[in-house]
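Student: This is the content of run-v2.cif (mmCIF, C-alpha atoms):
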data_entry
#
loop_
_atom_site.group_PDB
_atom_site.id
_atom_site.type_symbol
_atom_site.label_atom_id
_atom_site.label_comp_id
_atom_site.auth_asym_id
_atom_site.auth_seq_id
_atom_site.Cartn_x
_atom_site.Cartn_y
_atom_site.Cartn_z
ATOM 1 C CA MET A 11 -170.287 -16.171 -9.287
ATOM 2 C CA GLN A 12 -172.095 -12.988 -10.314
ATOM 3 C CA ILE A 13 -172.802 -9.807 -8.384
ATOM 4 C CA GLU A 14 -176.497 -10.355 -9.111
ATOM 5 C CA ASP A 15 -176.259 -13.683 -7.280
ATOM 6 C CA LEU A 16 -174.954 -11.913 -4.193
ATOM 7 C CA ARG A 17 -177.861 -9.456 -4.299
ATOM 8 C CA ILE A 18 -180.367 -12.270 -4.685
ATOM 9 C CA PHE A 19 -178.780 -14.338 -1.912
ATOM 10 C CA VAL A 20 -178.794 -11.438 0.560
ATOM 11 C CA ALA A 21 -182.428 -10.728 -0.335
ATOM 12 C CA VAL A 22 -183.355 -14.395 0.243
ATOM 13 C CA VAL A 23 -181.648 -14.426 3.656
ATOM 14 C CA LYS A 24 -183.381 -11.210 4.728
ATOM 15 C CA ALA A 25 -186.797 -12.204 3.370
ATOM 16 C CA GLY A 26 -186.632 -15.795 4.614
ATOM 17 C CA SER A 27 -188.002 -17.341 1.429
ATOM 18 C CA PHE A 28 -187.486 -17.499 -2.322
ATOM 19 C CA THR A 29 -191.026 -16.248 -2.914
ATOM 20 C CA ALA A 30 -190.689 -13.122 -0.760
ATOM 21 C CA ALA A 31 -187.244 -12.311 -2.181
ATOM 22 C CA ALA A 32 -188.510 -12.750 -5.729
ATOM 23 C CA GLU A 33 -191.392 -10.353 -5.058
ATOM 24 C CA GLN A 34 -189.045 -7.734 -3.607
ATOM 25 C CA LEU A 35 -186.645 -8.016 -6.544
ATOM 26 C CA PHE A 36 -189.395 -8.276 -9.189
ATOM 27 C CA LEU A 37 -188.052 -11.645 -10.342
ATOM 28 C CA SER A 38 -189.668 -15.045 -10.743
ATOM 29 C CA LYS A 39 -189.362 -17.590 -7.957
ATOM 30 C CA GLN A 40 -187.952 -20.093 -10.457
ATOM 31 C CA TYR A 41 -185.198 -17.693 -11.515
ATOM 32 C CA VAL A 42 -184.242 -16.991 -7.888
ATOM 33 C CA SER A 43 -184.103 -20.724 -7.164
ATOM 34 C CA ARG A 44 -181.897 -21.382 -10.206
ATOM 35 C CA ARG A 45 -179.482 -18.573 -9.315
ATOM 36 C CA MET A 46 -179.145 -19.837 -5.739
ATOM 37 C CA ALA A 47 -178.437 -23.354 -6.964
ATOM 38 C CA ALA A 48 -175.777 -21.953 -9.318
ATOM 39 C CA LEU A 49 -174.237 -19.922 -6.478
ATOM 40 C CA GLU A 50 -173.993 -22.971 -4.220
ATOM 41 C CA ALA A 51 -172.472 -24.972 -7.062
ATOM 42 C CA SER A 52 -169.844 -22.303 -7.749
ATOM 43 C CA LEU A 53 -168.898 -22.216 -4.053
ATOM 44 C CA ASN A 54 -169.197 -25.980 -3.588
ATOM 45 C CA ALA A 55 -171.037 -25.284 -0.329
ATOM 46 C CA ARG A 56 -174.576 -25.587 1.008
ATOM 47 C CA LEU A 57 -175.802 -22.090 1.917
ATOM 48 C CA LEU A 58 -179.527 -22.734 2.305
ATOM 49 C CA MET A 59 -181.535 -25.624 3.701
ATOM 50 C CA ARG A 60 -184.893 -26.149 2.012
ATOM 51 C CA ASN A 61 -187.901 -28.182 3.058
ATOM 52 C CA THR A 62 -191.598 -28.040 2.330
ATOM 53 C CA ARG A 63 -192.397 -25.630 5.161
ATOM 54 C CA ARG A 64 -189.503 -23.237 5.539
ATOM 55 C CA LEU A 65 -186.100 -22.073 4.394
ATOM 56 C CA SER A 66 -183.152 -21.877 6.782
ATOM 57 C CA VAL A 67 -179.624 -20.564 6.415
ATOM 58 C CA THR A 68 -176.664 -22.841 7.126
ATOM 59 C CA GLU A 69 -173.704 -21.740 9.220
ATOM 60 C CA ALA A 70 -171.702 -21.309 6.018
ATOM 61 C CA GLY A 71 -174.593 -19.327 4.580
ATOM 62 C CA LEU A 72 -174.647 -16.937 7.531
ATOM 63 C CA VAL A 73 -170.917 -16.268 7.179
ATOM 64 C CA PHE A 74 -171.230 -15.833 3.426
ATOM 65 C CA SER A 75 -174.215 -13.477 3.766
ATOM 66 C CA GLN A 76 -172.225 -11.122 6.013
ATOM 67 C CA HIS A 77 -169.383 -10.972 3.509
ATOM 68 C CA ALA A 78 -171.825 -10.637 0.608
ATOM 69 C CA GLN A 79 -173.540 -7.676 2.292
ATOM 70 C CA ARG A 80 -170.187 -5.951 2.807
ATOM 71 C CA ILE A 81 -169.266 -6.527 -0.832
ATOM 72 C CA LEU A 82 -172.573 -5.067 -2.001
ATOM 73 C CA ASP A 83 -172.137 -2.073 0.309
ATOM 74 C CA ASP A 84 -168.599 -1.512 -0.996
ATOM 75 C CA ILE A 85 -169.814 -1.716 -4.594
ATOM 76 C CA HIS A 86 -172.534 0.804 -3.853
ATOM 77 C CA GLU A 87 -170.084 3.199 -2.227
ATOM 78 C CA ALA A 88 -167.625 2.750 -5.109
ATOM 79 C CA GLU A 89 -170.369 3.609 -7.574
ATOM 80 C CA ARG A 90 -171.241 6.659 -5.518
ATOM 81 C CA ALA A 91 -167.581 7.747 -5.380
ATOM 82 C CA VAL A 92 -167.225 7.913 -9.168
ATOM 83 C CA SER A 93 -170.728 9.099 -9.922
ATOM 84 C CA ALA A 94 -170.908 12.162 -12.121
ATOM 85 C CA ASN A 95 -173.487 13.579 -9.725
ATOM 86 C CA ARG A 96 -171.904 12.907 -6.322
ATOM 87 C CA GLN A 97 -174.182 15.370 -4.534
ATOM 88 C CA ALA A 98 -177.326 13.444 -5.397
ATOM 89 C CA LEU A 99 -177.969 10.674 -2.892
ATOM 90 C CA HIS A 100 -179.635 7.616 -4.336
ATOM 91 C CA GLY A 101 -180.521 4.126 -3.190
ATOM 92 C CA VAL A 102 -182.887 2.330 -0.820
ATOM 93 C CA PHE A 103 -182.943 3.243 2.882
ATOM 94 C CA ARG A 104 -184.903 1.103 5.385
ATOM 95 C CA VAL A 105 -185.631 2.628 8.779
ATOM 96 C CA SER A 106 -187.714 1.483 11.766
ATOM 97 C CA MET A 107 -189.132 3.905 14.326
ATOM 98 C CA PRO A 108 -191.582 3.937 17.258
ATOM 99 C CA MET A 109 -195.200 4.472 16.256
ATOM 100 C CA SER A 110 -196.107 7.505 18.391
ATOM 101 C CA PHE A 111 -192.892 9.482 18.005
ATOM 102 C CA GLY A 112 -192.653 8.520 14.362
ATOM 103 C CA MET A 113 -196.096 9.911 13.597
ATOM 104 C CA SER A 114 -195.806 13.078 15.679
ATOM 105 C CA HIS A 115 -192.195 14.093 15.056
ATOM 106 C CA LEU A 116 -190.457 12.040 12.389
ATOM 107 C CA SER A 117 -193.142 11.748 9.717
ATOM 108 C CA PRO A 118 -192.926 15.401 8.558
ATOM 109 C CA LEU A 119 -189.128 15.254 8.690
ATOM 110 C CA ILE A 120 -189.010 12.163 6.504
ATOM 111 C CA VAL A 121 -191.210 13.896 3.970
ATOM 112 C CA ARG A 122 -188.790 16.850 3.901
ATOM 113 C CA PHE A 123 -185.802 14.533 3.572
ATOM 114 C CA MET A 124 -187.452 12.786 0.616
ATOM 115 C CA GLN A 125 -188.139 16.145 -1.009
ATOM 116 C CA GLN A 126 -184.476 17.086 -0.621
ATOM 117 C CA HIS A 127 -183.260 13.702 -1.908
ATOM 118 C CA PRO A 128 -185.777 12.475 -4.499
ATOM 119 C CA ALA A 129 -183.476 9.665 -5.702
ATOM 120 C CA VAL A 130 -183.567 7.999 -2.263
ATOM 121 C CA GLN A 131 -186.308 5.427 -1.759
ATOM 122 C CA ILE A 132 -187.179 5.406 1.951
ATOM 123 C CA GLN A 133 -188.931 2.356 3.370
ATOM 124 C CA THR A 134 -190.260 3.032 6.873
ATOM 125 C CA GLU A 135 -191.783 0.747 9.476
ATOM 126 C CA LEU A 136 -193.643 2.458 12.300
ATOM 127 C CA ALA A 137 -194.099 -0.023 15.138
ATOM 128 C CA ASP A 138 -193.514 -0.268 18.863
ATOM 129 C CA ARG A 139 -191.897 -3.707 18.564
ATOM 130 C CA TYR A 140 -188.144 -4.177 19.022
ATOM 131 C CA VAL A 141 -186.877 -4.943 15.516
ATOM 132 C CA ASP A 142 -183.805 -7.037 14.711
ATOM 133 C CA VAL A 143 -181.953 -4.398 12.685
ATOM 134 C CA ILE A 144 -179.447 -6.739 11.049
ATOM 135 C CA GLY A 145 -181.630 -9.839 10.784
ATOM 136 C CA GLU A 146 -184.538 -7.933 9.220
ATOM 137 C CA GLY A 147 -182.356 -5.899 6.894
ATOM 138 C CA PHE A 148 -182.873 -2.404 8.312
ATOM 139 C CA ASP A 149 -180.308 0.308 7.664
ATOM 140 C CA MET A 150 -181.266 2.136 10.851
ATOM 141 C CA ALA A 151 -183.690 2.082 13.769
ATOM 142 C CA ILE A 152 -184.818 4.973 15.960
ATOM 143 C CA ARG A 153 -185.147 3.886 19.583
ATOM 144 C CA ILE A 154 -186.340 5.531 22.792
ATOM 145 C CA GLY A 155 -185.121 4.606 26.274
ATOM 146 C CA LYS A 156 -182.256 2.493 27.541
ATOM 147 C CA LEU A 157 -180.344 0.595 24.877
ATOM 148 C CA ALA A 158 -179.548 -3.073 25.256
ATOM 149 C CA ASP A 159 -175.964 -4.181 24.743
ATOM 150 C CA SER A 160 -175.400 -5.045 21.090
ATOM 151 C CA THR A 161 -172.960 -4.773 18.213
ATOM 152 C CA LEU A 162 -174.966 -1.906 16.729
ATOM 153 C CA ILE A 163 -173.554 1.601 16.624
ATOM 154 C CA ALA A 164 -175.678 4.109 18.565
ATOM 155 C CA ARG A 165 -175.869 7.861 18.071
ATOM 156 C CA ARG A 166 -177.742 9.954 20.609
ATOM 157 C CA LEU A 167 -180.201 12.378 19.053
ATOM 158 C CA GLY A 168 -181.470 14.009 22.246
ATOM 159 C CA ALA A 169 -183.681 13.512 25.293
ATOM 160 C CA LEU A 170 -187.460 13.364 25.654
ATOM 161 C CA LYS A 171 -189.111 14.877 28.747
ATOM 162 C CA ARG A 172 -191.725 12.816 30.628
ATOM 163 C CA VAL A 173 -194.576 13.949 32.871
ATOM 164 C CA ILE A 174 -197.199 12.474 35.205
ATOM 165 C CA CYS A 175 -200.754 13.589 34.538
ATOM 166 C CA ALA A 176 -204.438 12.751 34.993
ATOM 167 C CA SER A 177 -207.779 14.152 33.984
ATOM 168 C CA PRO A 178 -209.340 16.938 36.085
ATOM 169 C CA ASP A 179 -212.310 14.611 36.677
ATOM 170 C CA TYR A 180 -210.093 11.873 38.117
ATOM 171 C CA LEU A 181 -208.260 14.321 40.388
ATOM 172 C CA ALA A 182 -211.562 15.777 41.571
ATOM 173 C CA ARG A 183 -212.719 12.289 42.586
ATOM 174 C CA THR A 184 -209.533 11.000 44.178
ATOM 175 C CA GLY A 185 -207.535 14.059 45.170
ATOM 176 C CA THR A 186 -204.196 15.230 43.794
ATOM 177 C CA PRO A 187 -201.060 13.339 44.884
ATOM 178 C CA ARG A 188 -198.632 15.627 46.741
ATOM 179 C CA ALA A 189 -195.702 13.214 47.110
ATOM 180 C CA PRO A 190 -194.598 10.023 45.326
ATOM 181 C CA GLU A 191 -195.650 7.947 48.344
ATOM 182 C CA ASP A 192 -199.258 8.938 47.520
ATOM 183 C CA LEU A 193 -199.095 6.987 44.247
ATOM 184 C CA LEU A 194 -200.061 3.736 45.971
ATOM 185 C CA GLN A 195 -203.448 5.312 46.769
ATOM 186 C CA HIS A 196 -204.110 5.896 43.061
ATOM 187 C CA GLN A 197 -204.880 3.970 39.921
ATOM 188 C CA CYS A 198 -201.761 4.178 37.728
ATOM 189 C CA LEU A 199 -201.698 3.376 34.037
ATOM 190 C CA ARG A 200 -198.332 1.807 33.291
ATOM 191 C CA TYR A 201 -196.355 2.221 30.091
ATOM 192 C CA GLY A 202 -194.076 -0.514 28.736
ATOM 193 C CA ARG A 203 -191.655 -2.770 30.580
ATOM 194 C CA GLU A 204 -190.278 0.059 32.717
ATOM 195 C CA GLY A 205 -193.722 0.893 34.104
ATOM 196 C CA GLN A 206 -194.197 -2.652 35.357
ATOM 197 C CA ASN A 207 -191.345 -2.200 37.841
ATOM 198 C CA GLY A 208 -192.636 1.081 39.266
ATOM 199 C CA TRP A 209 -192.042 4.748 38.503
ATOM 200 C CA GLU A 210 -188.566 6.172 38.988
ATOM 201 C CA LEU A 211 -188.746 9.815 40.053
ATOM 202 C CA GLN A 212 -186.071 12.389 40.802
ATOM 203 C CA ARG A 213 -185.833 15.404 43.069
ATOM 204 C CA ALA A 214 -182.841 17.544 43.995
ATOM 205 C CA GLY A 215 -180.522 15.197 42.151
ATOM 206 C CA LYS A 216 -181.728 12.064 43.951
ATOM 207 C CA SER A 217 -183.639 9.251 42.293
ATOM 208 C CA ALA A 218 -185.950 6.617 43.811
ATOM 209 C CA LEU A 219 -188.247 3.908 42.496
ATOM 210 C CA PHE A 220 -191.864 4.083 43.711
ATOM 211 C CA GLU A 221 -194.313 1.211 43.541
ATOM 212 C CA VAL A 222 -197.464 1.803 41.507
ATOM 213 C CA ARG A 223 -200.601 -0.236 40.844
ATOM 214 C CA GLY A 224 -203.361 0.057 38.345
ATOM 215 C CA PRO A 225 -205.775 -1.480 35.870
ATOM 216 C CA ALA A 226 -203.719 -1.260 32.665
ATOM 217 C CA ILE A 227 -200.254 -1.924 31.237
ATOM 218 C CA SER A 228 -199.524 -1.211 27.582
ATOM 219 C CA ASN A 229 -196.659 -0.532 25.199
ATOM 220 C CA ASN A 230 -198.832 2.004 23.372
ATOM 221 C CA GLY A 231 -198.762 5.512 24.804
ATOM 222 C CA GLU A 232 -201.847 6.749 22.943
ATOM 223 C CA LEU A 233 -204.004 4.025 24.491
ATOM 224 C CA LEU A 234 -202.890 4.971 28.009
ATOM 225 C CA ARG A 235 -203.231 8.687 27.284
ATOM 226 C CA ASP A 236 -206.812 8.133 26.149
ATOM 227 C CA ALA A 237 -207.506 6.061 29.260
ATOM 228 C CA ALA A 238 -206.164 8.889 31.412
ATOM 229 C CA VAL A 239 -208.312 11.438 29.561
ATOM 230 C CA ALA A 240 -211.302 9.171 30.270
ATOM 231 C CA GLY A 241 -210.569 9.473 34.005
ATOM 232 C CA MET A 242 -209.153 6.003 34.606
ATOM 233 C CA GLY A 243 -206.040 7.074 36.497
ATOM 234 C CA LEU A 244 -202.618 8.686 36.555
ATOM 235 C CA VAL A 245 -200.219 8.111 33.676
ATOM 236 C CA LEU A 246 -196.487 8.708 33.207
ATOM 237 C CA LEU A 247 -195.722 9.318 29.550
ATOM 238 C CA PRO A 248 -193.332 11.189 27.251
ATOM 239 C CA GLU A 249 -194.485 14.782 27.002
ATOM 240 C CA PHE A 250 -194.932 14.640 23.239
ATOM 241 C CA ILE A 251 -197.731 12.084 23.651
ATOM 242 C CA VAL A 252 -199.771 14.052 26.202
ATOM 243 C CA ALA A 253 -198.898 17.674 25.315
ATOM 244 C CA PRO A 254 -201.994 18.310 23.133
ATOM 245 C CA ALA A 255 -204.315 16.926 25.840
ATOM 246 C CA VAL A 256 -202.588 19.022 28.511
ATOM 247 C CA ALA A 257 -202.832 22.124 26.328
ATOM 248 C CA ARG A 258 -206.603 21.789 25.916
ATOM 249 C CA GLY A 259 -207.181 20.979 29.593
ATOM 250 C CA ALA A 260 -208.088 17.320 29.158
ATOM 251 C CA LEU A 261 -205.096 16.330 31.311
ATOM 252 C CA THR A 262 -203.363 18.076 34.213
ATOM 253 C CA THR A 263 -199.766 17.423 35.250
ATOM 254 C CA VAL A 264 -199.066 16.453 38.874
ATOM 255 C CA LEU A 265 -195.992 15.931 41.056
ATOM 256 C CA ASP A 266 -194.168 18.533 39.004
ATOM 257 C CA ASP A 267 -191.403 18.760 41.620
ATOM 258 C CA TYR A 268 -190.710 15.030 41.267
ATOM 259 C CA TRP A 269 -189.816 14.615 37.646
ATOM 260 C CA PRO A 270 -189.179 11.352 35.815
ATOM 261 C CA ALA A 271 -185.778 11.067 34.148
ATOM 262 C CA PRO A 272 -185.914 11.979 30.448
ATOM 263 C CA LEU A 273 -185.753 9.200 27.879
ATOM 264 C CA GLY A 274 -182.809 9.078 25.504
ATOM 265 C CA LEU A 275 -183.562 9.168 21.788
ATOM 266 C CA TYR A 276 -181.084 7.186 19.677
ATOM 267 C CA ALA A 277 -180.386 6.123 16.130
ATOM 268 C CA VAL A 278 -178.811 2.664 15.918
ATOM 269 C CA TYR A 279 -177.345 1.043 12.821
ATOM 270 C CA PRO A 280 -175.069 -1.864 11.836
ATOM 271 C CA GLN A 281 -171.334 -1.328 11.716
ATOM 272 C CA HIS A 282 -171.189 -2.048 7.998
ATOM 273 C CA ARG A 283 -173.455 0.980 7.381
ATOM 274 C CA GLN A 284 -170.970 3.466 8.877
ATOM 275 C CA ARG A 285 -169.760 4.506 5.427
ATOM 276 C CA SER A 286 -173.225 4.849 3.946
ATOM 277 C CA GLU A 287 -173.753 8.390 2.667
ATOM 278 C CA ILE A 288 -177.511 8.060 3.132
ATOM 279 C CA ASN A 289 -177.027 7.056 6.776
ATOM 280 C CA ARG A 290 -174.749 10.009 7.428
ATOM 281 C CA ALA A 291 -177.026 12.464 5.638
ATOM 282 C CA PHE A 292 -180.143 11.217 7.452
ATOM 283 C CA LEU A 293 -178.461 11.352 10.879
ATOM 284 C CA ASP A 294 -177.171 14.880 10.302
ATOM 285 C CA PHE A 295 -180.607 15.924 9.071
ATOM 286 C CA LEU A 296 -182.385 14.520 12.153
ATOM 287 C CA GLU A 297 -179.968 16.149 14.583
ATOM 288 C CA ALA A 298 -180.364 19.533 12.896
ATOM 289 C CA GLU A 299 -184.160 19.357 12.673
ATOM 290 C CA LEU A 300 -185.079 17.776 16.031
ATOM 291 C CA LYS A 301 -182.948 20.117 18.202
ATOM 292 C CA LEU A 302 -183.570 18.023 21.319
ATOM 293 C CA GLY A 303 -180.300 18.865 23.055
#
Translate this file's structure into structure tokens.

Tutor:
Amino acid sequence: MQIEDLRIFVAVVKAGSFTAAAEQLFLSKQYVSRRMAALEASLNARLLMRNTRRLSVTEAGLVFSQHAQRILDDIHEAERAVSANRQALHGVFRVSMPMSFGMSHLSPLIVRFMQQHPAVQIQTELADRYVDVIGEGFDMAIRIGKLADSTLIARRLGALKRVICASPDYLARTGTPRAPEDLLQHQCLRYGREGQNGWELQRAGKSALFEVRGPAISNNGELLRDAAVAGMGLVLLPEFIVAPAVARGALTTVLDDYWPAPLGLYAVYPQHRQRSEINRAFLDFLEAELKLG
């Protein structure tokens, strides 16, 4: 068994095919296939199941891939520990982040981090989908809102304020809501899964869920913001999405005394990445730069 075989095997498991792994590693598909056959022979175990349409990982393969990833991580950290230039971070770092917040807040920070650590290759995915951090091979994911129970380690980076707003034209046509009970008389543009259940608002330390109805539900805040600017209804969104429109007068906040609970901003990562110097450096950098409290 060779260390290279472990790297190739982990890449195959993450990519889901010999072809995709070979492209990522800049190897030929034939070479990857030969090395995997040699690895299985050396272990006397079937790690991968192959057929004409897809590649699947056996139960033994899943167990072996977890150990192989830990070995590769330990080798990387050992190399870092004895490196002549210990201060220079290097390696590949894969991170997933929400589209809107990633573009507005994290994009310039990532550029600065890359400038500070030119030997780090950062691979980013900006998407509003819920990625499988371990299964898809991410080192970290930035998430907004309530976290589901998982084996991932979570580090809170701060809180994001939310507001309710609408266009001046819409409010002129329908009137301005004065209390949460008025929301049922309005068209409400609902954001994500949480918006489908109603809007939870707080006042004087008490929280209540208020039913809302409307013509649109979306997991994309920019789409709903634009719909609100066009006069289609009220919208409850993170402030960072609507702040420019509010500043130029295209949107007006309402029900300011009944504020939605802020959304938590978190970094989540697998347990085996706890010792990663890149992970630690990136987390410390985000906390220092975001200053979200």

Student: Identify all residues satisfying the PyMOL selection byres ((chain A and resi 47) around 12) in the given file; provide them as a PyMOL selection string.

Tutor: chain A and resi 11+15+18-19+28+40-46+48-60

Student: Quick one: which region 95-160 of chain A residues come within 12 Å of region 194-215 of chain A, and what is the nearest atom pair for each with the distance in Å to one decimal, counting only C-alpha atoms, rows ordered by chain and ascending number, as CSV?

Tutor:
residue,atom,partner,partner_atom,distance
A:Asp138,CA,A:Gly202,CA,9.9
A:Arg139,CA,A:Gly202,CA,10.9
A:Tyr140,CA,A:Gly202,CA,12.0
A:Ile154,CA,A:Gly202,CA,11.5
A:Gly155,CA,A:Glu204,CA,9.4
A:Lys156,CA,A:Glu204,CA,9.9

Student: Just give me the gap between CA of Leu136 (chain A) and CA of Gly112 (chain A) in Å, one decimal is fine.

Tutor: 6.5 Å

Student: Give as a tab-separated table (two decimals) with C-alpha atoms, keeping the file's coordinate frame the residues that the PyMOL selection byres ((chain A and resi 130-132) around 7) matches when applied to the coordinates above.

Tutor:
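Below you can see out_38.tsv, which holds the result:
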chain	number	residue	atom	x	y	z
A	99	LEU	CA	-177.97	10.67	-2.89
A	100	HIS	CA	-179.64	7.62	-4.34
A	101	GLY	CA	-180.52	4.13	-3.19
A	102	VAL	CA	-182.89	2.33	-0.82
A	103	PHE	CA	-182.94	3.24	2.88
A	104	ARG	CA	-184.90	1.10	5.38
A	124	MET	CA	-187.45	12.79	0.62
A	127	HIS	CA	-183.26	13.70	-1.91
A	128	PRO	CA	-185.78	12.48	-4.50
A	129	ALA	CA	-183.48	9.66	-5.70
A	133	GLN	CA	-188.93	2.36	3.37
A	134	THR	CA	-190.26	3.03	6.87

Student: Quick one: residues within 6 Å of region 243-254 of chain A, only C-alpha atoms, excluding same-chain residues fewer than 2 positions away - as a PyMOL selection string?

Tutor: chain A and resi 171-176+197-199+238+241+256-257

Student: Residues as selected, C-alpha atoms, written as a PDB file, in the coordinates of the input, can you do that?

Tutor:
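What ended up in selection_35.pdb:
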ATOM      1  CA  LYS A 171    -189.111  14.877  28.747  1.00  0.00           C
ATOM      2  CA  ARG A 172    -191.725  12.816  30.628  1.00  0.00           C
ATOM      3  CA  VAL A 173    -194.576  13.949  32.871  1.00  0.00           C
ATOM      4  CA  ILE A 174    -197.199  12.474  35.205  1.00  0.00           C
ATOM      5  CA  CYS A 175    -200.754  13.589  34.538  1.00  0.00           C
ATOM      6  CA  ALA A 176    -204.438  12.751  34.993  1.00  0.00           C
ATOM      7  CA  GLN A 197    -204.880   3.970  39.921  1.00  0.00           C
ATOM      8  CA  CYS A 198    -201.761   4.178  37.728  1.00  0.00           C
ATOM      9  CA  LEU A 199    -201.698   3.376  34.037  1.00  0.00           C
ATOM     10  CA  ALA A 238    -206.164   8.889  31.412  1.00  0.00           C
ATOM     11  CA  GLY A 241    -210.569   9.473  34.005  1.00  0.00           C
ATOM     12  CA  VAL A 256    -202.588  19.022  28.511  1.00  0.00           C
ATOM     13  CA  ALA A 257    -202.832  22.124  26.328  1.00  0.00           C
TER      14      ALA A 257
END

Student: List the neighbours of Pro178 (chain A) out to 12 Å using all atoms listed in the file; skip same-chain residues closer than 6 positions along the sequence, and give me the result as a list in words.

Tutor: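 In the requested format, the answer is Thr184, Gly185, Thr186, Ala238, Val239, Ala240, Gly241, Met242, Gly243, Leu244, Ala255, Val256, Arg258, Gly259, Ala260, Leu261, Thr262, Thr263 and Val264 of chain A.
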
Student: Using CA of Leu162 (chain A) and CA of Asp149 (chain A) as the two end points, give the distance in Å to one decimal.

Tutor: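 Calculated distance between CA of Leu162 (chain A) and CA of Asp149 (chain A) is 10.8 Å.
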
Student: In terms of the shortest atom-to-atom distance over only C-alpha atoms, which of A:Ser228, A:Thr68, A:Ser110, A:Gln281 is closest to Val143 (chain A)?

Tutor: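 Between A:Ser228, A:Thr68, A:Ser110, A:Gln281, the residue approaching Val143 (chain A) most closely is A:Gln281.
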
Student: Between A:Arg188, A:Val22, A:Leu116, A:Ala226, which is the closest to Ser75 (chain A) once you count only C-alpha atoms?

Tutor: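 Of A:Arg188, A:Val22, A:Leu116, A:Ala226, the one nearest Ser75 (chain A) is A:Val22, counting only C-alpha atoms.
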
Student: Would you mind reading off the distance between CA of Arg283 (chain A) and CA of Asp159 (chain A), one decimal, in Å?

Tutor: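 These atoms are spaced 18.3 Å apart.
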
Student: Between A:Ile144, A:Leu167, A:Met150, A:Leu119, which has the minimum distance to Ala25 (chain A) (counting all atoms listed in the file)?

Tutor: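 Comparing A:Ile144, A:Leu167, A:Met150, A:Leu119 against Ala25 (chain A), the winner is A:Ile144.
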
Student: Find, counting all atoms listed in the file, the residue in A:Leu275, A:Phe295, A:Arg290, A:Asp142 that gets nearest to Val121 (chain A).

Tutor: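 Of A:Leu275, A:Phe295, A:Arg290, A:Asp142, the one nearest Val121 (chain A) is A:Phe295, counting all atoms listed in the file.
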
Student: With all atoms listed in the file as the atoms that count, which of A:Leu293, A:Ile227, A:Leu233, A:Val23 lies nearest to Arg64 (chain A)?

Tutor: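 Residue with the minimum atom-to-atom distance to Arg64 (chain A): A:Val23.
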
Student: Out of A:Leu296, A:Met109, A:Leu35, A:Leu82, which residue has the shortest atom-to-atom distance to Leu16 (chain A) when counting only C-alpha atoms?

Tutor: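 Closest to Leu16 (chain A), using only C-alpha atoms: A:Leu82.
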
Student: What does the PyMOL selection byres ((chain A and resi 163) around 9) select in this file, as a ChimeraX atom specification?

Tutor: /A:160-162,164-165,277-281,284

Student: Dump as a list in words all residues having an atom at most 7 Å from (-192.1, 2.1, 48.8), computed in the file's coordinates with all atoms listed in the file.

Tutor: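 Residues satisfying the cut-off, written out: Glu191, Phe220 and Glu221 of chain A.
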
Student: Complete the atoms of region 96-107 of chain A to N, CA and C atoms and put them out as a short mmCIF file (atom, residue, chain, number, x, y, z; two decimals), keeping the file's coordinate frame.

Tutor:
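The resulting file, out.cif, is reproduced below:
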data_model
loop_
_atom_site.label_atom_id
_atom_site.label_comp_id
_atom_site.auth_asym_id
_atom_site.auth_seq_id
_atom_site.Cartn_x
_atom_site.Cartn_y
_atom_site.Cartn_z
N ARG A 96 -172.20 13.40 -7.66
CA ARG A 96 -171.90 12.91 -6.32
C ARG A 96 -172.81 13.53 -5.26
N GLN A 97 -173.37 14.70 -5.53
CA GLN A 97 -174.18 15.37 -4.53
C GLN A 97 -175.57 14.76 -4.41
N ALA A 98 -175.97 13.99 -5.40
CA ALA A 98 -177.33 13.44 -5.40
C ALA A 98 -177.32 12.07 -4.75
N LEU A 99 -177.85 11.97 -3.55
CA LEU A 99 -177.97 10.67 -2.89
C LEU A 99 -178.96 9.81 -3.65
N HIS A 100 -178.67 8.52 -3.74
CA HIS A 100 -179.64 7.62 -4.34
C HIS A 100 -179.47 6.24 -3.72
N GLY A 101 -180.53 5.46 -3.75
CA GLY A 101 -180.52 4.13 -3.19
C GLY A 101 -181.73 3.90 -2.30
N VAL A 102 -181.79 2.72 -1.71
CA VAL A 102 -182.89 2.33 -0.82
C VAL A 102 -182.42 2.47 0.63
N PHE A 103 -183.27 3.03 1.47
CA PHE A 103 -182.94 3.24 2.88
C PHE A 103 -184.11 2.75 3.72
N ARG A 104 -183.86 1.70 4.54
CA ARG A 104 -184.90 1.10 5.38
C ARG A 104 -184.70 1.54 6.82
N VAL A 105 -185.73 2.11 7.42
CA VAL A 105 -185.63 2.63 8.78
C VAL A 105 -186.86 2.22 9.58
N SER A 106 -186.63 1.82 10.84
CA SER A 106 -187.71 1.48 11.77
C SER A 106 -187.77 2.56 12.84
N MET A 107 -188.98 2.88 13.29
CA MET A 107 -189.13 3.90 14.33
C MET A 107 -190.38 3.64 15.16
#
